[in-house]
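Below you'll find the structure, written out as structure tokens, and then a few comments.
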Amino acid sequence: MGLFRQIPIAWRMLADKPTRLAFSMLGVAFSVVIMFMELGFFNGTNDSSANLPPYFDCDLIVSNPQKNHLKTGEEFPSLRLRQIASVPGVAAVAKFNTQAGYWWNPQDRTRNRVLILGVDLVDPMFSVPAIREYRDALQLPETVLYDRLSRHDLGRIEIGTRSQLAATPARVVGLFDLGPNFTYEGHLIVGLENFREITGQPDDNVDLGLIRVAPGTDVETVRRAILDCLPKDILLLTPREILTREVVVTTKRSPAGVVFGIGLLVGFAIGTIICYQILFNEVNDHLPQFATMKAMGHPPSFISGIVRNEALLLSIAGYLPGLIASFGIYRIIEHFTQIRMFLTVPRALLVMVLTSGMCLLAARFAVKRVHSTDPADLF
Amino acid sequence: MPSPTTPFAVEINDLNHHFGRGESRKQVLYQNRLAIKPGEIVIMTGPSGSGKTTLLTLIGALRAIQEGGIKLWGTELAGLSPVEQVKMRRNIGFIFQAHNLFDALTARQNIKMAIELTDVPAAERDALADATLAALGLAERVNYKPRNLSGGQRQRVAIGRALVNRPRLILADEPTAALDKDSGANVVALLRKLADENGTTVMIVTHDNRILSVADRLVNMIDGNIVSNIRVKENAVICAILKQCTVFKDMSPSDLTDIAQKMEQEDFTPGTDIIRQGEIGDKFYVIAKGRAQIITASTTDVSRPVTLIKEGAFFGEVALLRDQPRNATVRAQESVTTYTLSKENFLAAVRAHKSFEEQLATQLFHRG
């Protein structure tokens with residue numbers, strides 16, 4: 001109660017000058033948008049880089065131990081996957097191949113880097129419904145599923161579009177929704193047979209092995225059983241562990257995480273400076289009044305409370321329009337880059353905390369001027 | 001905090017104050033002394049830069065005391081911690097030359113900023129603020145913001161803010177400077193009412209001659225010195241009595257005022273002797289209130305009352321003029337208030353006016 005006692009006074013002081021309040025709101029909203037953008041790009045990078053793991057519909061994934069994230073090329077012998085299939089508790093296994101390749105834009109003949117996903121057409125363990133839907137068509141040679149969230153640079157692609165993938169001709173037989181990332185302009189899904197045709201990858205090597213455990217079996221028990229039976233030349237992770245690893249790799253290894261992290265700090269700093277300017281003017285205009293309050297016997301905390309509450313109100317008043325604007329800008333960015341920008345509740349809360357943080361920090365600086373005023377100078 | 005043992009609201013003792021440091025250090029107050037009782041209205045006048053505002057801020061616990069002391073209701077301000085100063089200030093209402101109201105707040109809300117300092121329940125604060133504004137003639141303006149009020153109305157709101165917590169001391173700096181004659185008179189009347197009804201002590205620094213009549217005491221400062229300190233009503237009473245006294249009969253009002261200023265109040269309970277026959281005379285007395293008996297002892301040591309004297313009477317001058325022992329005893333018959341002038345001041349005043357011998361002769365002739 002003590003902390004927010006001056007909310008009504010603070011509000012009246014802000015509301016008394018509507019023009020100034022409007023500009024102050026804009027200023028705070030501006031820095032809120034900056035922070036949302038940086039956070040959006042930061043998370044967009046992570047979300048886009050880790051775009052595959054959420055689709056794995058399996059319990060464990062086996063890979064070459066050197067393969068420290070999904071974009072590196074290390075493979076492991078398919079023999080291991082066959083061995084795993086016979087381990088008690090394992091219900092099914094499926095191959096999952098990935099390889100980078102070029103896709104020729106059918107309209108302007110430019111080429112773009114795409115990621116080709118080779119999936120088991122019988123049981124893909126990859127929850128893209130289009131695989132099952134177009135299974136029959138995909139069994140034909142030179143057929144592909146095309147990700148319609150791929151970058152527009154790949155061309156106007158519809159079912160039936162013909163173009164070239166790597167060295168082979170390709171015909172689009174179906175569409176799915178996945179989205180590009182910062183490494184690849186788009187994604188294509190093909191059957192394992194076609195994958196081999198297109199990439200020339202030998203059948204005895206595989207990128208990932210997807211493992212489904214028998215119903216009612218504990219995943220950890222199966223994992224231990226597999227590791228006990230097999231040589232130590234494989235890495236066995238759950239899809240969730242892979243997702244975490246993908247995010248960590250993007251954040252730590254790639255400069256993107258650092259760049260946007262610094263951008264976030266810069267947004268925070270700009271916001272703090274804007275808030276400080278606003279609050280400084282507010283305090284400066286009320287110095288005689290604040291000094292009078294001090295003379296009357298209000299403790300300094302009463303006055304800093306007013307300024308602090310003004311800061312809090314400003315942060316809320318600026319946050320809401322900033323949030324709405326950011327939501328709109330996210331949609332615009334998604335439209336133009338096809339990078340997914342998710343505005344989740346925890347991210348919105350994070351920016352809200354940062355916004356009130358920057359306003360309170362600014363209040364701390366601004367209120368110093370109040371404390372230095374001497375009520376004796378009023379006479 | 002207030003001590004009941006002192007009859008004074010404000011006591012200033014040998015107060016010195018300096019501004020600046022080192023080379024530029026400049027003394028602004030010199031050995032100021034002043035004692036003010038509860039319910040007194042003190043008007044401080046003097047040229048700008050004479051130190052009256054500095055004195056006011058020191059009394060208001062807004063500045064640290066450097067040398068000497070100021071007691072408010074018996075509590076010494078020198079050496080109070082900042083927190084204690086803030087607490088002490090809650091007993092004081094400040095009225096500044098500028099109103100310093102919050103533009104964003106209505107008259108009522110501005111007054112409530114002061115009520116926040118008290119433990120008045122939240123539910124009663126509006127009513128208290130409105131009542132205060134009504135007393136200042138602003139009942140219709142409680143919801144107006146300062147920008148929609150006239151200069152006089154704004155100043156009255158500021159005064160309301162200073163008065164609402166019924167402070168025991170009000171310090172005002174040119175409170176009527178921004179007001180027209182009627183508004184100024186209203187404000188002064190309100191201060192007078194507070195002083196009379198609640199014993200509030202009021203100190204006003206002003207150049208406004210129109211409000212001097214409200215003062216109980218006029219303090220004039222020049223160059224950091226209190227050059228005159230006149231209790232207005234007593235002064236008028238004393239002057240009227242002195243006027244009856246042959247010695248002072250032909251003096252100008254300003255000379256009489258000077259003498260009256262030097263006189264000190266002494267109170268006597270019924271039955272006590274004010275002077276005793278045979279003692280060496282060292283003071284001149286006027287009676288401002290009460291009756292006393294003049295008693296002369298006969299050689300047979302049987303005292304008999306000779307005369308009754310009452311307010312307006314004076315005595316003791318003969319012993320001073322002749323340098324003789326008292327020729328009678330004066331005994332208070334009821335509560336008696338006297339004003340006394342020391343022998344030194346008495347003789348100085350007499351000498352300054354006429355030739356001493358002439359004075360002596362006239363006075364002794366009249367007393368027969």
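Naming scheme: A, B, ... for chains in displayed order of the structure tokens; residues 1 onward per chain; ligands 1 onward as shown.
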Margin query: When DSSP is applied to the backbone of this structure, which of region 201-235 of chain B are assigned helix (DSSP H, G or I)? Write them out as a list in words.
Written below: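 DSSP-assigned helix (DSSP H, G or I) residues in region 201-235 of chain B: Asn209, Arg210, Ile211, Leu212, Ser213, Val214, Val232, Lys233, Glu234 and Asn235 of chain B.
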Margin query: Could you list, as a PyMOL selection string, every residue within 12 Å of Ile278 (chain A), counting only C-alpha atoms and ignoring same-chain residues fewer than 3 positions away?
Written below: chain A and resi 14+20-28+271-275+281-285+307+310-311+314-315+359+362-363+365-367
With N, CA and C atoms retained, write the just-selected residues as a compact mmCIF listing (two decimals), in the first residue's frame.
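Listed below is the output, selection_30.txt:
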```
# COMPACT_ATOMS: atom_id res chain seq x y z
N LEU A 14 0.59 13.22 -14.42
CA LEU A 14 0.86 12.85 -15.82
C LEU A 14 -0.30 13.29 -16.71
N ARG A 20 2.09 16.16 -23.44
CA ARG A 20 3.35 15.62 -22.97
C ARG A 20 3.21 14.13 -22.69
N LEU A 21 2.07 13.75 -22.09
CA LEU A 21 1.85 12.34 -21.78
C LEU A 21 1.87 11.52 -23.07
N ALA A 22 1.21 12.05 -24.13
CA ALA A 22 1.15 11.32 -25.39
C ALA A 22 2.56 11.11 -25.94
N PHE A 23 3.37 12.16 -25.92
CA PHE A 23 4.74 12.03 -26.43
C PHE A 23 5.56 11.09 -25.55
N SER A 24 5.33 11.18 -24.23
CA SER A 24 6.07 10.30 -23.33
C SER A 24 5.70 8.84 -23.61
N MET A 25 4.38 8.60 -23.82
CA MET A 25 3.94 7.25 -24.13
C MET A 25 4.61 6.76 -25.41
N LEU A 26 4.65 7.64 -26.41
CA LEU A 26 5.29 7.28 -27.68
C LEU A 26 6.75 6.91 -27.46
N GLY A 27 7.43 7.74 -26.65
CA GLY A 27 8.85 7.49 -26.38
C GLY A 27 9.06 6.12 -25.76
N VAL A 28 8.25 5.83 -24.73
CA VAL A 28 8.40 4.53 -24.07
C VAL A 28 8.00 3.41 -25.03
N GLY A 271 15.57 3.24 -23.96
CA GLY A 271 14.34 3.43 -23.17
C GLY A 271 14.63 4.14 -21.87
N THR A 272 15.72 3.75 -21.20
CA THR A 272 16.07 4.38 -19.93
C THR A 272 16.35 5.86 -20.14
N ILE A 273 17.06 6.19 -21.22
CA ILE A 273 17.40 7.59 -21.48
C ILE A 273 16.13 8.40 -21.79
N ILE A 274 15.26 7.82 -22.62
CA ILE A 274 14.01 8.51 -22.94
C ILE A 274 13.21 8.76 -21.66
N CYS A 275 13.07 7.71 -20.85
CA CYS A 275 12.31 7.83 -19.60
C CYS A 275 12.94 8.88 -18.69
N ASN A 281 12.20 16.24 -16.81
CA ASN A 281 11.38 17.43 -17.06
C ASN A 281 10.24 17.52 -16.07
N GLU A 282 9.66 16.38 -15.80
CA GLU A 282 8.53 16.33 -14.86
C GLU A 282 8.99 16.83 -13.49
N VAL A 283 10.13 16.33 -13.05
CA VAL A 283 10.66 16.73 -11.73
C VAL A 283 11.03 18.21 -11.74
N ASN A 284 11.70 18.61 -12.82
CA ASN A 284 12.17 19.99 -12.92
C ASN A 284 11.00 20.98 -12.84
N ASP A 285 9.89 20.63 -13.47
CA ASP A 285 8.73 21.51 -13.46
C ASP A 285 8.08 21.59 -12.09
N VAL A 307 7.54 10.20 -7.94
CA VAL A 307 8.27 10.06 -9.20
C VAL A 307 8.31 8.60 -9.64
N GLU A 310 5.03 7.68 -11.07
CA GLU A 310 4.90 8.25 -12.41
C GLU A 310 5.63 7.36 -13.41
N ALA A 311 6.83 6.90 -13.00
CA ALA A 311 7.62 6.04 -13.89
C ALA A 311 6.88 4.75 -14.20
N LEU A 314 4.04 5.40 -16.53
CA LEU A 314 4.58 5.63 -17.87
C LEU A 314 4.93 4.32 -18.54
N SER A 315 5.53 3.41 -17.76
CA SER A 315 5.95 2.15 -18.35
C SER A 315 4.74 1.37 -18.84
N CYS A 359 12.11 2.17 -16.64
CA CYS A 359 11.46 3.37 -16.12
C CYS A 359 11.86 3.61 -14.66
N ALA A 362 15.34 4.94 -14.55
CA ALA A 362 15.32 6.36 -14.92
C ALA A 362 14.81 7.19 -13.75
N ALA A 363 13.80 6.68 -13.04
CA ALA A 363 13.24 7.41 -11.89
C ALA A 363 14.30 7.60 -10.81
N PHE A 365 17.45 7.98 -11.19
CA PHE A 365 18.35 9.08 -11.56
C PHE A 365 17.64 10.42 -11.43
N ALA A 366 16.38 10.46 -11.91
CA ALA A 366 15.66 11.73 -11.95
C ALA A 366 15.40 12.25 -10.54
N VAL A 367 15.18 11.34 -9.59
CA VAL A 367 14.77 11.75 -8.27
C VAL A 367 15.94 12.35 -7.48
```
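Backbone DSSP assigns strand (DSSP E) in region 178-266 of chain B to Thr201, Val202, Met203, Ile204, Val205, Arg217, Leu218, Val219, Asn220, Met221, Ile222, Asn225, Ile226, Val227, Ser228, Asn229, Ile230, Arg231, Glu264, Gln265 and Glu266 of chain B.
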Check: Taking only C-alpha atoms into account, what are the residues of chain A at most 9 Å from chain B, put as a ChimeraX atom specification?
Finding: /A:9,12-17,286,288-299,374-379
Margin query: Which residues are near region 9-16 of chain B? Cut-off 8 Å, only C-alpha atoms, ignore same chain within fewer than 5 positions. Put them as a VMD selection string.
Written below: chain B and resid 27 to 38 59 66 to 74 169 201
Checklist line | Computed interatomic separation between CA of Ile189 (chain A) and CA of Ile131 (chain A) (Å) | finding: 8.0 Å
Note to self: Just want the 12 Å neighbourhood of Ala167 (chain A), counted on only C-alpha atoms, with same-chain residues fewer than 5 positions away dropped. Output as a list in words.
What the structure shows: Gly101, Tyr102, Trp103, Trp104, Arg111, Glu142, Phe195, Glu197, Ile198, Thr199 and Gly200 of chain A
Would you save the residues of that selection, restricted to C-alpha atoms, as a CSV table (one decimal), in the first residue's frame?
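Result saved to selection-v1.csv:
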```csv
chain,number,residue,atom,x,y,z
A,101,GLY,CA,20.9,-28.8,-51.9
A,102,TYR,CA,20.0,-26.2,-54.5
A,103,TRP,CA,16.5,-25.5,-55.7
A,104,TRP,CA,16.1,-23.7,-59.0
A,111,ARG,CA,19.1,-21.1,-57.3
A,142,GLU,CA,11.5,-37.1,-59.0
A,195,PHE,CA,16.6,-38.8,-51.4
A,197,GLU,CA,18.6,-40.4,-56.1
A,198,ILE,CA,18.9,-36.7,-55.5
A,199,THR,CA,21.9,-36.6,-53.1
A,200,GLY,CA,23.7,-39.7,-54.0
```
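Minimum atom-to-atom distances from B:Thr307, B:Thr118, B:Thr329, B:Thr337 to Val237 (chain B) were compared using only C-alpha atoms, and the lowest value belongs to B:Thr337.
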Notebook entry, point to check: Any idea what the distance is between CA of Asp59 (chain A) and CA of Phe176 (chain A)?
Noted result: 23.2 Å
Notebook entry, point to check: So how many Å separate CA of Glu140 (chain B) and CA of Ala189 (chain B), to one decimal?
Noted result: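 That distance, rounded to one decimal, is 20.4 Å.
Each of A:Glu38, A:Asp153, A:Asp207, A:Glu133 was compared to Asp108 (chain A) using only C-alpha atoms, and A:Asp153 turns out to be the nearest.
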Next item on the list: Would you kindly return, as a list in words, each protein, DNA or RNA residue with an atom no farther than 10 Å from any atom of Ala94 (chain A), considering only C-alpha atoms and excluding same-chain residues fewer than 5 positions away?
Entry: Cys58, Ile61, Leu81, Arg82, Ala85, Val119, Asp120, Leu121, Val122, Asp123, Pro124, Met125, Phe126, Leu208, Gly209, Leu210, Ile211 and Arg212 of chain A
Next item on the list: Name all residues at most 10 Å from Thr340 (chain B) (count only C-alpha atoms; drop same-chain ones fewer than 2 positions away) and give them as a list in words.
Entry: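 Counting only the stated atoms, we get Ile238, Ala260, Lys262, Met263, Glu264, Gln265, Glu266, Asp282, Lys283, Phe284, Tyr285, Val286, Ile287, Phe314, Phe315, Gly316, Thr337, Thr338, Ser342, Lys343 and Phe346 of chain B.
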Could you write those residues out with N, CA and C atoms, as a PDB file, in the first residue's frame?
```
ATOM      1  N   ILE B 238       1.567  51.143  27.685  1.00  0.00           N
ATOM      2  CA  ILE B 238       2.658  51.768  28.453  1.00  0.00           C
ATOM      3  C   ILE B 238       2.813  53.238  28.051  1.00  0.00           C
ATOM      4  N   ALA B 260       9.151  52.548  26.085  1.00  0.00           N
ATOM      5  CA  ALA B 260       8.246  51.425  26.364  1.00  0.00           C
ATOM      6  C   ALA B 260       8.893  50.103  25.964  1.00  0.00           C
ATOM      7  N   LYS B 262      11.871  49.340  26.121  1.00  0.00           N
ATOM      8  CA  LYS B 262      12.921  48.904  27.057  1.00  0.00           C
ATOM      9  C   LYS B 262      12.329  48.379  28.358  1.00  0.00           C
ATOM     10  N   MET B 263      11.008  48.522  28.501  1.00  0.00           N
ATOM     11  CA  MET B 263      10.396  48.104  29.764  1.00  0.00           C
ATOM     12  C   MET B 263      10.089  46.618  29.723  1.00  0.00           C
ATOM     13  N   GLU B 264      10.236  46.009  30.898  1.00  0.00           N
ATOM     14  CA  GLU B 264      10.010  44.567  30.956  1.00  0.00           C
ATOM     15  C   GLU B 264       8.824  44.249  31.834  1.00  0.00           C
ATOM     16  N   GLN B 265       8.112  43.209  31.442  1.00  0.00           N
ATOM     17  CA  GLN B 265       6.912  42.840  32.176  1.00  0.00           C
ATOM     18  C   GLN B 265       7.287  42.101  33.450  1.00  0.00           C
ATOM     19  N   GLU B 266       6.610  42.464  34.548  1.00  0.00           N
ATOM     20  CA  GLU B 266       6.788  41.691  35.787  1.00  0.00           C
ATOM     21  C   GLU B 266       5.412  41.481  36.377  1.00  0.00           C
ATOM     22  N   ASP B 282      15.794  50.753  42.297  1.00  0.00           N
ATOM     23  CA  ASP B 282      16.556  50.472  41.079  1.00  0.00           C
ATOM     24  C   ASP B 282      15.665  50.393  39.847  1.00  0.00           C
ATOM     25  N   LYS B 283      14.335  50.562  40.020  1.00  0.00           N
ATOM     26  CA  LYS B 283      13.443  50.453  38.877  1.00  0.00           C
ATOM     27  C   LYS B 283      12.313  51.455  38.974  1.00  0.00           C
ATOM     28  N   PHE B 284      11.777  51.759  37.772  1.00  0.00           N
ATOM     29  CA  PHE B 284      10.583  52.590  37.667  1.00  0.00           C
ATOM     30  C   PHE B 284       9.446  51.676  37.216  1.00  0.00           C
ATOM     31  N   TYR B 285       8.269  51.824  37.863  1.00  0.00           N
ATOM     32  CA  TYR B 285       7.162  50.904  37.601  1.00  0.00           C
ATOM     33  C   TYR B 285       5.959  51.621  37.009  1.00  0.00           C
ATOM     34  N   VAL B 286       5.282  50.956  36.033  1.00  0.00           N
ATOM     35  CA  VAL B 286       3.915  51.365  35.695  1.00  0.00           C
ATOM     36  C   VAL B 286       3.037  50.127  35.886  1.00  0.00           C
ATOM     37  N   ILE B 287       1.778  50.361  36.320  1.00  0.00           N
ATOM     38  CA  ILE B 287       0.857  49.235  36.514  1.00  0.00           C
ATOM     39  C   ILE B 287      -0.031  49.135  35.281  1.00  0.00           C
ATOM     40  N   PHE B 314       1.806  54.878  38.107  1.00  0.00           N
ATOM     41  CA  PHE B 314       3.246  54.622  38.012  1.00  0.00           C
ATOM     42  C   PHE B 314       3.861  55.008  39.332  1.00  0.00           C
ATOM     43  N   PHE B 315       4.987  54.433  39.683  1.00  0.00           N
ATOM     44  CA  PHE B 315       5.670  54.756  40.930  1.00  0.00           C
ATOM     45  C   PHE B 315       7.125  54.353  40.842  1.00  0.00           C
ATOM     46  N   GLY B 316       7.895  54.851  41.812  1.00  0.00           N
ATOM     47  CA  GLY B 316       9.295  54.449  41.902  1.00  0.00           C
ATOM     48  C   GLY B 316      10.259  55.467  41.335  1.00  0.00           C
ATOM     49  N   THR B 337       0.039  43.276  37.025  1.00  0.00           N
ATOM     50  CA  THR B 337       1.036  43.240  35.949  1.00  0.00           C
ATOM     51  C   THR B 337       1.682  44.612  35.871  1.00  0.00           C
ATOM     52  N   THR B 338       3.000  44.622  35.976  1.00  0.00           N
ATOM     53  CA  THR B 338       3.701  45.907  35.873  1.00  0.00           C
ATOM     54  C   THR B 338       4.684  45.844  34.722  1.00  0.00           C
ATOM     55  N   SER B 342      14.595  49.983  33.996  1.00  0.00           N
ATOM     56  CA  SER B 342      15.742  49.995  34.908  1.00  0.00           C
ATOM     57  C   SER B 342      16.172  51.437  35.174  1.00  0.00           C
ATOM     58  N   LYS B 343      16.828  51.624  36.284  1.00  0.00           N
ATOM     59  CA  LYS B 343      17.278  52.955  36.696  1.00  0.00           C
ATOM     60  C   LYS B 343      18.132  53.586  35.605  1.00  0.00           C
ATOM     61  N   PHE B 346      16.002  54.587  32.739  1.00  0.00           N
ATOM     62  CA  PHE B 346      15.133  55.675  33.178  1.00  0.00           C
ATOM     63  C   PHE B 346      15.894  57.000  33.169  1.00  0.00           C
TER      64      PHE B 346
END
```
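With only C-alpha atoms as the atoms that count, the minimum distance from Val330 (chain B) to the choices B:Arg217, B:Arg291, B:Arg351, B:Arg108 is reached by B:Arg291.
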Note to self: Applying 10 Å and only C-alpha atoms, which residues near Ile332 (chain A) remain after dropping the ones on its own chain fewer than 6 positions away? List them as a list in words.
What the structure shows: Ser326, Gln338 and Met341 of chain A
Using N, CA and C atoms, can you write the selected residues to a file as an mmCIF file, in the first residue's frame?
```
data_model
loop_
_atom_site.group_PDB
_atom_site.id
_atom_site.type_symbol
_atom_site.label_atom_id
_atom_site.label_comp_id
_atom_site.auth_asym_id
_atom_site.auth_seq_id
_atom_site.Cartn_x
_atom_site.Cartn_y
_atom_site.Cartn_z
ATOM 1 N N SER A 326 4.236 -3.881 -31.790
ATOM 2 C CA SER A 326 5.184 -4.963 -32.039
ATOM 3 C C SER A 326 4.485 -6.161 -32.655
ATOM 4 N N GLN A 338 9.488 -14.619 -43.872
ATOM 5 C CA GLN A 338 9.048 -15.982 -43.535
ATOM 6 C C GLN A 338 9.762 -16.522 -42.301
ATOM 7 N N MET A 341 8.009 -15.253 -36.113
ATOM 8 C CA MET A 341 8.186 -14.366 -34.955
ATOM 9 C C MET A 341 7.041 -14.659 -33.996
#
```
